[in-house]
$ cat protein.json   # JSON, C-alpha atoms
[["chain", "number", "residue", "atom", "x", "y", "z"],
["F", 1, "MET", "CA", 34.52, -104.94, 65.95],
["F", 2, "THR", "CA", 31.47, -103.19, 64.51],
["F", 3, "ILE", "CA", 32.23, -100.96, 61.53],
["F", 4, "ALA", "CA", 30.30, -97.70, 61.38],
["F", 5, "ALA", "CA", 28.03, -97.35, 58.36],
["F", 6, "PRO", "CA", 27.12, -94.11, 56.53],
["F", 7, "TRP", "CA", 23.49, -92.96, 56.88],
["F", 8, "VAL", "CA", 23.22, -95.39, 59.84],
["F", 9, "ASP", "CA", 25.94, -94.50, 62.36],
["F", 10, "ASP", "CA", 26.11, -90.80, 61.61],
["F", 11, "PRO", "CA", 24.04, -87.63, 62.24],
["F", 12, "PHE", "CA", 21.55, -88.47, 59.47],
["F", 13, "ALA", "CA", 19.62, -90.92, 61.65],
["F", 14, "ASP", "CA", 19.36, -88.34, 64.45],
["F", 15, "ALA", "CA", 18.09, -85.72, 62.01],
["F", 16, "VAL", "CA", 15.44, -88.11, 60.67],
["F", 17, "ARG", "CA", 14.20, -88.74, 64.21],
["F", 18, "SER", "CA", 14.04, -85.03, 65.05],
["F", 19, "GLY", "CA", 12.84, -83.87, 61.64],
["F", 20, "HIS", "CA", 15.37, -81.07, 61.34],
["F", 21, "GLY", "CA", 19.04, -80.28, 60.78],
["F", 22, "PRO", "CA", 21.19, -78.57, 59.82],
["F", 23, "LEU", "CA", 22.94, -81.40, 58.03],
["F", 24, "TRP", "CA", 25.68, -81.44, 55.39],
["F", 25, "LEU", "CA", 27.75, -83.70, 53.18],
["F", 26, "ARG", "CA", 31.36, -82.68, 53.89],
["F", 27, "ARG", "CA", 33.97, -83.41, 51.22],
["F", 28, "GLU", "CA", 37.56, -84.32, 51.92],
["F", 29, "ASP", "CA", 38.63, -80.80, 50.91],
["F", 30, "GLY", "CA", 36.30, -79.27, 53.51],
["F", 31, "ARG", "CA", 33.59, -78.03, 51.15],
["F", 32, "ARG", "CA", 30.05, -78.76, 52.30],
["F", 33, "GLN", "CA", 26.73, -79.43, 50.57],
["F", 34, "ARG", "CA", 23.60, -78.71, 52.60],
["F", 35, "LEU", "CA", 21.18, -81.64, 52.90],
["F", 36, "ASP", "CA", 17.53, -80.58, 52.81],
["F", 37, "ILE", "CA", 16.46, -82.73, 55.74],
["F", 38, "GLU", "CA", 13.55, -80.47, 56.71],
["F", 39, "ARG", "CA", 12.01, -80.85, 53.24],
["F", 40, "TRP", "CA", 12.57, -84.60, 53.29],
["F", 41, "CYS", "CA", 10.80, -84.88, 56.65],
["F", 42, "ALA", "CA", 7.89, -82.62, 55.63],
["F", 43, "PRO", "CA", 4.87, -83.70, 53.57],
["F", 44, "ALA", "CA", 5.34, -83.84, 49.79],
["F", 45, "ALA", "CA", 5.24, -80.40, 48.18],
["F", 46, "GLY", "CA", 6.35, -78.40, 45.15],
["F", 47, "ALA", "CA", 8.29, -80.41, 42.59],
["F", 48, "ASP", "CA", 7.38, -83.64, 44.39],
["F", 49, "PHE", "CA", 3.95, -83.47, 42.81],
["F", 50, "SER", "CA", 5.37, -83.53, 39.29],
["F", 51, "LEU", "CA", 7.05, -86.81, 40.21],
["F", 52, "LEU", "CA", 3.98, -88.21, 41.94],
["F", 53, "LEU", "CA", 1.77, -87.36, 38.97],
["F", 54, "ARG", "CA", 3.82, -89.57, 36.69],
["F", 55, "CYS", "CA", 3.47, -92.45, 39.13],
["F", 56, "THR", "CA", -0.32, -92.22, 39.05],
["F", 57, "ARG", "CA", -0.24, -93.11, 35.35],
["F", 58, "LEU", "CA", 1.35, -96.51, 35.99],
["F", 59, "THR", "CA", -0.37, -99.87, 36.20],
["F", 60, "ALA", "CA", 2.27, -101.53, 38.44],
["F", 61, "PRO", "CA", 3.53, -100.58, 41.93],
["F", 62, "VAL", "CA", 6.34, -98.12, 42.61],
["F", 63, "LEU", "CA", 9.64, -98.73, 44.43],
["F", 64, "ASP", "CA", 11.17, -95.73, 46.24],
["F", 65, "LEU", "CA", 14.92, -96.37, 46.43],
["F", 66, "GLY", "CA", 16.47, -94.55, 49.39],
["F", 67, "CYS", "CA", 13.02, -93.51, 50.63],
["F", 68, "GLY", "CA", 14.40, -91.60, 53.62],
["F", 69, "PRO", "CA", 11.71, -90.34, 56.02],
["F", 70, "GLY", "CA", 8.99, -91.53, 53.67],
["F", 71, "ARG", "CA", 7.22, -88.45, 52.37],
["F", 72, "LEU", "CA", 6.96, -89.78, 48.80],
["F", 73, "VAL", "CA", 5.80, -93.19, 50.00],
["F", 74, "ALA", "CA", 3.08, -91.58, 52.11],
["F", 75, "ALA", "CA", 2.00, -89.27, 49.29],
["F", 76, "LEU", "CA", 1.77, -92.12, 46.78],
["F", 77, "LEU", "CA", -0.38, -94.14, 49.16],
["F", 78, "ASP", "CA", -2.67, -91.13, 49.57],
["F", 79, "LEU", "CA", -3.02, -91.10, 45.77],
["F", 80, "GLY", "CA", -3.89, -94.78, 45.72],
["F", 81, "VAL", "CA", -0.57, -95.89, 44.19],
["F", 82, "PRO", "CA", 0.90, -99.12, 45.65],
["F", 83, "VAL", "CA", 4.46, -98.40, 46.78],
["F", 84, "LEU", "CA", 7.35, -99.84, 48.79],
["F", 85, "GLY", "CA", 10.14, -97.81, 50.35],
["F", 86, "VAL", "CA", 13.69, -99.10, 50.74],
["F", 87, "ASP", "CA", 16.37, -97.51, 52.93],
["F", 88, "VAL", "CA", 19.45, -98.58, 54.89],
["F", 89, "THR", "CA", 18.66, -96.28, 57.83],
["F", 90, "GLY", "CA", 16.51, -97.83, 60.52],
["F", 91, "ALA", "CA", 15.22, -94.44, 61.66],
["F", 92, "ALA", "CA", 14.09, -93.64, 58.10],
["F", 93, "VAL", "CA", 12.29, -96.96, 57.73],
["F", 94, "ALA", "CA", 10.64, -96.49, 61.14],
["F", 95, "ARG", "CA", 9.45, -93.01, 60.20],
["F", 96, "THR", "CA", 8.08, -94.26, 56.87],
["F", 97, "VAL", "CA", 6.21, -97.07, 58.60],
["F", 98, "GLY", "CA", 4.94, -94.55, 61.15],
["F", 99, "LEU", "CA", 3.38, -92.61, 58.26],
["F", 100, "GLY", "CA", 1.52, -95.77, 57.27],
["F", 101, "GLY", "CA", 3.85, -96.76, 54.44],
["F", 102, "PRO", "CA", 5.48, -100.14, 53.84],
["F", 103, "ALA", "CA", 9.27, -100.02, 53.91],
["F", 104, "LEU", "CA", 12.23, -102.39, 54.09],
["F", 105, "ARG", "CA", 15.55, -101.75, 55.77],
["F", 106, "ARG", "CA", 17.78, -102.88, 52.96],
["F", 107, "SER", "CA", 20.36, -101.66, 50.46],
["F", 108, "VAL", "CA", 19.14, -101.02, 46.93],
["F", 109, "PHE", "CA", 21.76, -103.58, 45.86],
["F", 110, "ASP", "CA", 20.34, -106.30, 48.13],
["F", 111, "ARG", "CA", 17.75, -108.76, 46.94],
["F", 112, "LEU", "CA", 14.39, -106.96, 46.73],
["F", 113, "PRO", "CA", 10.81, -108.15, 46.20],
["F", 114, "ALA", "CA", 9.37, -108.37, 42.67],
["F", 115, "GLU", "CA", 12.61, -107.60, 40.85],
["F", 116, "GLY", "CA", 11.91, -106.87, 37.20],
["F", 117, "ARG", "CA", 8.22, -106.17, 37.81],
["F", 118, "TRP", "CA", 8.04, -102.64, 39.27],
["F", 119, "GLY", "CA", 6.14, -100.04, 37.31],
["F", 120, "ALA", "CA", 8.68, -97.43, 38.37],
["F", 121, "ALA", "CA", 11.68, -97.05, 40.63],
["F", 122, "LEU", "CA", 12.40, -93.63, 42.13],
["F", 123, "LEU", "CA", 15.81, -92.07, 42.72],
["F", 124, "ALA", "CA", 14.85, -88.67, 44.14],
["F", 125, "ASP", "CA", 16.57, -86.17, 46.43],
["F", 126, "GLY", "CA", 20.08, -86.81, 45.14],
["F", 127, "ASN", "CA", 19.81, -90.59, 45.47],
["F", 128, "LEU", "CA", 21.51, -91.07, 42.12],
["F", 129, "GLY", "CA", 24.62, -90.66, 44.28],
["F", 130, "ILE", "CA", 23.97, -93.87, 46.24],
["F", 131, "GLY", "CA", 27.10, -96.00, 46.34],
["F", 132, "GLY", "CA", 29.19, -93.45, 44.47],
["F", 133, "ASP", "CA", 28.86, -95.57, 41.31],
["F", 134, "PRO", "CA", 26.04, -94.25, 39.10],
["F", 135, "ASP", "CA", 26.78, -96.84, 36.41],
["F", 136, "ALA", "CA", 26.10, -99.69, 38.83],
["F", 137, "LEU", "CA", 23.07, -97.90, 40.29],
["F", 138, "LEU", "CA", 21.50, -97.29, 36.89],
["F", 139, "ARG", "CA", 22.07, -100.93, 35.95],
["F", 140, "ARG", "CA", 20.41, -101.92, 39.20],
["F", 141, "GLY", "CA", 17.47, -99.65, 38.46],
["F", 142, "ALA", "CA", 17.07, -101.27, 35.05],
["F", 143, "GLU", "CA", 17.01, -104.71, 36.71],
["F", 144, "LEU", "CA", 14.24, -103.68, 39.08],
["F", 145, "ILE", "CA", 11.71, -102.16, 36.67],
["F", 146, "ALA", "CA", 9.34, -104.05, 34.41],
["F", 147, "PRO", "CA", 10.00, -104.20, 30.65],
["F", 148, "ASP", "CA", 7.64, -101.23, 30.22],
["F", 149, "GLY", "CA", 8.60, -99.62, 33.53],
["F", 150, "LEU", "CA", 10.32, -96.31, 34.24],
["F", 151, "LEU", "CA", 13.30, -95.25, 36.29],
["F", 152, "LEU", "CA", 12.42, -91.77, 37.56],
["F", 153, "VAL", "CA", 15.60, -89.92, 38.48],
["F", 154, "GLU", "CA", 16.24, -86.51, 39.99],
["F", 155, "VAL", "CA", 19.43, -84.99, 38.56],
["F", 156, "GLU", "CA", 21.50, -81.99, 39.57],
["F", 157, "PRO", "CA", 20.31, -78.61, 38.22],
["F", 158, "GLU", "CA", 23.78, -77.91, 36.78],
["F", 159, "GLU", "CA", 25.77, -80.05, 34.36],
["F", 160, "VAL", "CA", 28.11, -82.00, 36.59],
["F", 161, "ASP", "CA", 29.58, -85.50, 36.59],
["F", 162, "GLU", "CA", 31.62, -86.16, 39.70],
["F", 163, "ARG", "CA", 32.42, -88.83, 42.23],
["F", 164, "VAL", "CA", 33.55, -87.68, 45.66],
["F", 165, "VAL", "CA", 34.25, -89.03, 49.13],
["F", 166, "VAL", "CA", 32.05, -87.42, 51.77],
["F", 167, "ARG", "CA", 30.92, -87.66, 55.39],
["F", 168, "VAL", "CA", 27.59, -86.63, 56.90],
["F", 169, "GLU", "CA", 28.12, -83.71, 59.28],
["F", 170, "GLY", "CA", 25.65, -82.70, 61.97],
["F", 171, "PRO", "CA", 24.97, -79.33, 63.63],
["F", 172, "ASP", "CA", 27.51, -80.04, 66.39],
["F", 173, "GLY", "CA", 30.27, -80.81, 63.89],
["F", 174, "ARG", "CA", 30.07, -84.57, 64.46],
["F", 175, "LEU", "CA", 31.11, -86.51, 61.37],
["F", 176, "GLY", "CA", 29.97, -89.94, 60.24],
["F", 177, "PRO", "CA", 32.14, -92.45, 58.38],
["F", 178, "ALA", "CA", 33.52, -91.61, 54.95],
["F", 179, "PHE", "CA", 31.76, -93.03, 51.89],
["F", 180, "PRO", "CA", 31.69, -92.53, 48.11],
["F", 181, "TRP", "CA", 28.99, -90.31, 46.59],
["F", 182, "ALA", "CA", 28.19, -89.02, 43.11],
["F", 183, "ARG", "CA", 26.51, -86.00, 41.53],
["F", 184, "LEU", "CA", 25.25, -86.02, 37.94],
["F", 185, "GLY", "CA", 23.47, -83.51, 35.75],
["F", 186, "THR", "CA", 21.17, -84.35, 32.85],
["F", 187, "ALA", "CA", 23.78, -84.95, 30.15],
["F", 188, "ALA", "CA", 26.00, -87.14, 32.33],
["F", 189, "THR", "CA", 23.02, -89.17, 33.52],
["F", 190, "LEU", "CA", 21.88, -89.82, 29.97],
["F", 191, "ARG", "CA", 25.36, -90.89, 28.90],
["F", 192, "ARG", "CA", 25.59, -93.35, 31.75],
["F", 193, "ALA", "CA", 22.00, -94.51, 31.34],
["F", 194, "CYS", "CA", 22.78, -95.58, 27.78],
["F", 195, "LEU", "CA", 25.49, -97.90, 29.10],
["F", 196, "ALA", "CA", 22.89, -99.43, 31.42],
["F", 197, "GLY", "CA", 20.49, -100.13, 28.56],
["F", 198, "LEU", "CA", 18.23, -97.18, 29.39],
["F", 199, "VAL", "CA", 17.03, -94.35, 27.17],
["F", 200, "GLU", "CA", 15.30, -91.05, 27.82],
["F", 201, "ALA", "CA", 11.52, -91.16, 27.92],
["F", 202, "GLU", "CA", 10.97, -87.65, 29.29],
["F", 203, "ARG", "CA", 12.71, -84.77, 31.00],
["F", 204, "TRP", "CA", 11.19, -81.95, 33.00],
["F", 205, "ALA", "CA", 11.92, -79.25, 35.55],
["F", 206, "SER", "CA", 9.80, -78.04, 38.46],
["F", 207, "HIS", "CA", 10.46, -75.60, 41.29],
["F", 208, "GLY", "CA", 14.17, -75.45, 40.50],
["F", 209, "ARG", "CA", 14.57, -79.24, 40.44],
["F", 210, "ARG", "CA", 15.27, -81.40, 37.36],
["F", 211, "PHE", "CA", 14.14, -84.91, 36.55],
["F", 212, "LEU", "CA", 14.48, -87.64, 33.94],
["F", 213, "ALA", "CA", 12.24, -90.57, 33.12],
["F", 214, "LEU", "CA", 14.28, -93.45, 31.74],
["F", 215, "ARG", "CA", 12.98, -96.61, 30.09],
["F", 216, "LYS", "CA", 14.59, -99.76, 28.81],
["F", 217, "GLY", "CA", 15.95, -99.33, 25.28]]
$ encode --input "protein.json" --output "structure tokens"
Amino acid sequence: MTIAAPWVDDPFADAVRSGHGPLWLRREDGRRQRLDIERWCAPAAGADFSLLLRCTRLTAPVLDLGCGPGRLVAALLDLGVPVLGVDVTGAAVARTVGLGGPALRRSVFDRLPAEGRWGAALLADGNLGIGGDPDALLRRGAELIAPDGLLLVEVEPEEVDERVVVRVEGPDGRLGPAFPWARLGTAATLRRACLAGLVEAERWASHGRRFLALRKG
């Protein structure tokens, strides 16, 4: 029997193909968080450029973890920055490749090329929630970057530190399989980063979004 997988066998893949939602993460208690699928499928804009700018200062390639439809991969290539996208969703990888960007269909916890040699690894658009275990994800990020590399992380605008079980919900009410997710603000991310051997290199805000640059301590 085939077991349904989140982000693969749920409405997310359909939304990536169409380029629009609406799409939500639905919690077990019924509360919903809107997923900004239209922004993810559009060209890079707004706060994205503050993230891209920091990547142009690097001497080694960039790894976009959970690259989704590939807007950041495409934008980095346009800026002349070597980059690789990684995502578990086939539709997301196909869309990224369609934009001219290299991408692998793989989990961030699977074996990846050039581990320990990336100039930066990106966790944008809420991807710090991947796996529902930010401690493990931050440790993984530290493994992937070079000794002088950066883990560039988008954090929640508010101070929050929570792990929840969610499902992706589409416009017709269809729900995907349940999976663990996490949401962290700046303070919680820094606390957990320390446990992963990472320290703050920079923090900034742009267009209502907040980011951290983490380096190995």
$ atom_distance --input "protein.json" --atom1 "atom CA of Glu156 of chain F" --atom2 "atom CA of His207 of chain F"
12.9 Å
$ closest_residue --input "protein.json" --among "F:Pro61, F:Gly126, F:Gly90, F:Gly100" --to "Ala75 of chain F" --atoms "only C-alpha atoms"
F:Gly100
$ closest_residue --input "protein.json" --among "F:Ser206, F:Ser50, F:Thr89, F:Thr96" --to "Leu152 of chain F" --atoms "all atoms listed in the file"
F:Ser50
$ closest_residue --input "protein.json" --among "F:Gly176, F:Gly119, F:Gly208, F:Gly68" --to "Val97 of chain F" --atoms "all atoms listed in the file"
F:Gly68
$ closest_residue --input "protein.json" --among "F:Val155, F:Cys67, F:Leu25, F:Leu35" --to "Arg105 of chain F" --atoms "all atoms listed in the file"
F:Cys67
$ residues_around --input "protein.json" --residues "Ala74 of chain F" --least-positions-apart "2" --cutoff "7 Å" --atoms "all atoms listed in the file" --output "PyMOL selection string"
chain F and resi 70-72+76-78+99-101
$ residues_around --input "protein.json" --residues "Leu151 of chain F" --least-positions-apart "5" --cutoff "6 Å" --atoms "all atoms listed in the file" --output "PDB file with C-alpha atoms, in the coordinates of the input"
ATOM      1  CA  ALA F 120       8.680 -97.430  38.370  1.00  0.00           C
ATOM      2  CA  ALA F 121      11.680 -97.050  40.630  1.00  0.00           C
ATOM      3  CA  ALA F 213      12.240 -90.570  33.120  1.00  0.00           C
ATOM      4  CA  LEU F 214      14.280 -93.450  31.740  1.00  0.00           C
TER       5      LEU F 214
END
$ axis_aligned_box --input "protein.json" --around "segment 39-43 of chain F" --padding-each-side "3 Å" --output "AutoDock Vina command-line options"
--center_x 8.7 --center_y -82.9 --center_z 54.9 --size_x 13.7 --size_y 10.0 --size_z 9.4
$ closest_residue --input "protein.json" --among "F:Asp172, F:His20, F:Gly30, F:Pro180" --to "Pro69 of chain F" --atoms "only C-alpha atoms"
F:His20
$ build_atoms --input "protein.json" --residues "segment 19-43 of chain F" --atoms "N, CA and C atoms" --output "JSON list (two decimals), keeping the file's coordinate frame"
[["chain", "number", "residue", "atom", "x", "y", "z"],
["F", 19, "GLY", "N", 13.51, -84.57, 62.72],
["F", 19, "GLY", "CA", 12.84, -83.87, 61.64],
["F", 19, "GLY", "C", 13.50, -82.58, 61.21],
["F", 20, "HIS", "N", 14.70, -82.31, 61.74],
["F", 20, "HIS", "CA", 15.37, -81.07, 61.34],
["F", 20, "HIS", "C", 16.88, -81.22, 61.45],
["F", 21, "GLY", "N", 17.58, -80.30, 60.80],
["F", 21, "GLY", "CA", 19.04, -80.28, 60.78],
["F", 21, "GLY", "C", 19.55, -79.16, 61.66],
["F", 22, "PRO", "N", 20.60, -78.47, 61.17],
["F", 22, "PRO", "CA", 21.19, -78.57, 59.82],
["F", 22, "PRO", "C", 22.04, -79.83, 59.66],
["F", 23, "LEU", "N", 22.22, -80.19, 58.38],
["F", 23, "LEU", "CA", 22.94, -81.40, 58.03],
["F", 23, "LEU", "C", 23.66, -81.14, 56.72],
["F", 24, "TRP", "N", 24.90, -81.66, 56.60],
["F", 24, "TRP", "CA", 25.68, -81.44, 55.39],
["F", 24, "TRP", "C", 26.36, -82.73, 54.95],
["F", 25, "LEU", "N", 26.75, -82.76, 53.66],
["F", 25, "LEU", "CA", 27.75, -83.70, 53.18],
["F", 25, "LEU", "C", 29.06, -82.92, 53.11],
["F", 26, "ARG", "N", 30.06, -83.36, 53.87],
["F", 26, "ARG", "CA", 31.36, -82.68, 53.89],
["F", 26, "ARG", "C", 32.34, -83.48, 53.04],
["F", 27, "ARG", "N", 32.96, -82.78, 52.08],
["F", 27, "ARG", "CA", 33.97, -83.41, 51.22],
["F", 27, "ARG", "C", 35.31, -83.45, 51.93],
["F", 28, "GLU", "N", 36.22, -84.20, 51.34],
["F", 28, "GLU", "CA", 37.56, -84.32, 51.92],
["F", 28, "GLU", "C", 38.30, -82.99, 51.93],
["F", 29, "ASP", "N", 37.96, -82.09, 50.96],
["F", 29, "ASP", "CA", 38.63, -80.80, 50.91],
["F", 29, "ASP", "C", 37.97, -79.75, 51.81],
["F", 30, "GLY", "N", 36.95, -80.17, 52.57],
["F", 30, "GLY", "CA", 36.30, -79.27, 53.51],
["F", 30, "GLY", "C", 35.06, -78.59, 52.99],
["F", 31, "ARG", "N", 34.82, -78.62, 51.68],
["F", 31, "ARG", "CA", 33.59, -78.03, 51.15],
["F", 31, "ARG", "C", 32.37, -78.82, 51.62],
["F", 32, "ARG", "N", 31.25, -78.11, 51.78],
["F", 32, "ARG", "CA", 30.05, -78.76, 52.30],
["F", 32, "ARG", "C", 28.86, -78.53, 51.37],
["F", 33, "GLN", "N", 28.00, -79.53, 51.30],
["F", 33, "GLN", "CA", 26.73, -79.43, 50.57],
["F", 33, "GLN", "C", 25.60, -79.61, 51.58],
["F", 34, "ARG", "N", 24.71, -78.65, 51.64],
["F", 34, "ARG", "CA", 23.60, -78.71, 52.60],
["F", 34, "ARG", "C", 22.62, -79.80, 52.18],
["F", 35, "LEU", "N", 22.20, -80.63, 53.13],
["F", 35, "LEU", "CA", 21.18, -81.64, 52.90],
["F", 35, "LEU", "C", 19.84, -81.09, 53.37],
["F", 36, "ASP", "N", 18.83, -81.23, 52.55],
["F", 36, "ASP", "CA", 17.53, -80.58, 52.81],
["F", 36, "ASP", "C", 16.66, -81.47, 53.68],
["F", 37, "ILE", "N", 17.14, -81.78, 54.88],
["F", 37, "ILE", "CA", 16.46, -82.73, 55.74],
["F", 37, "ILE", "C", 15.07, -82.26, 56.15],
["F", 38, "GLU", "N", 14.88, -80.96, 56.33],
["F", 38, "GLU", "CA", 13.55, -80.47, 56.71],
["F", 38, "GLU", "C", 12.53, -80.74, 55.61],
["F", 39, "ARG", "N", 12.93, -80.55, 54.35],
["F", 39, "ARG", "CA", 12.01, -80.85, 53.24],
["F", 39, "ARG", "C", 11.73, -82.34, 53.15],
["F", 40, "TRP", "N", 12.76, -83.15, 53.36],
["F", 40, "TRP", "CA", 12.57, -84.60, 53.29],
["F", 40, "TRP", "C", 11.62, -85.10, 54.37],
["F", 41, "CYS", "N", 11.64, -84.44, 55.53],
["F", 41, "CYS", "CA", 10.80, -84.88, 56.65],
["F", 41, "CYS", "C", 9.41, -84.25, 56.62],
["F", 42, "ALA", "N", 9.19, -83.28, 55.75],
["F", 42, "ALA", "CA", 7.89, -82.62, 55.63],
["F", 42, "ALA", "C", 7.01, -83.38, 54.63],
["F", 43, "PRO", "N", 5.72, -83.08, 54.59],
["F", 43, "PRO", "CA", 4.87, -83.70, 53.57],
["F", 43, "PRO", "C", 5.32, -83.31, 52.16]]
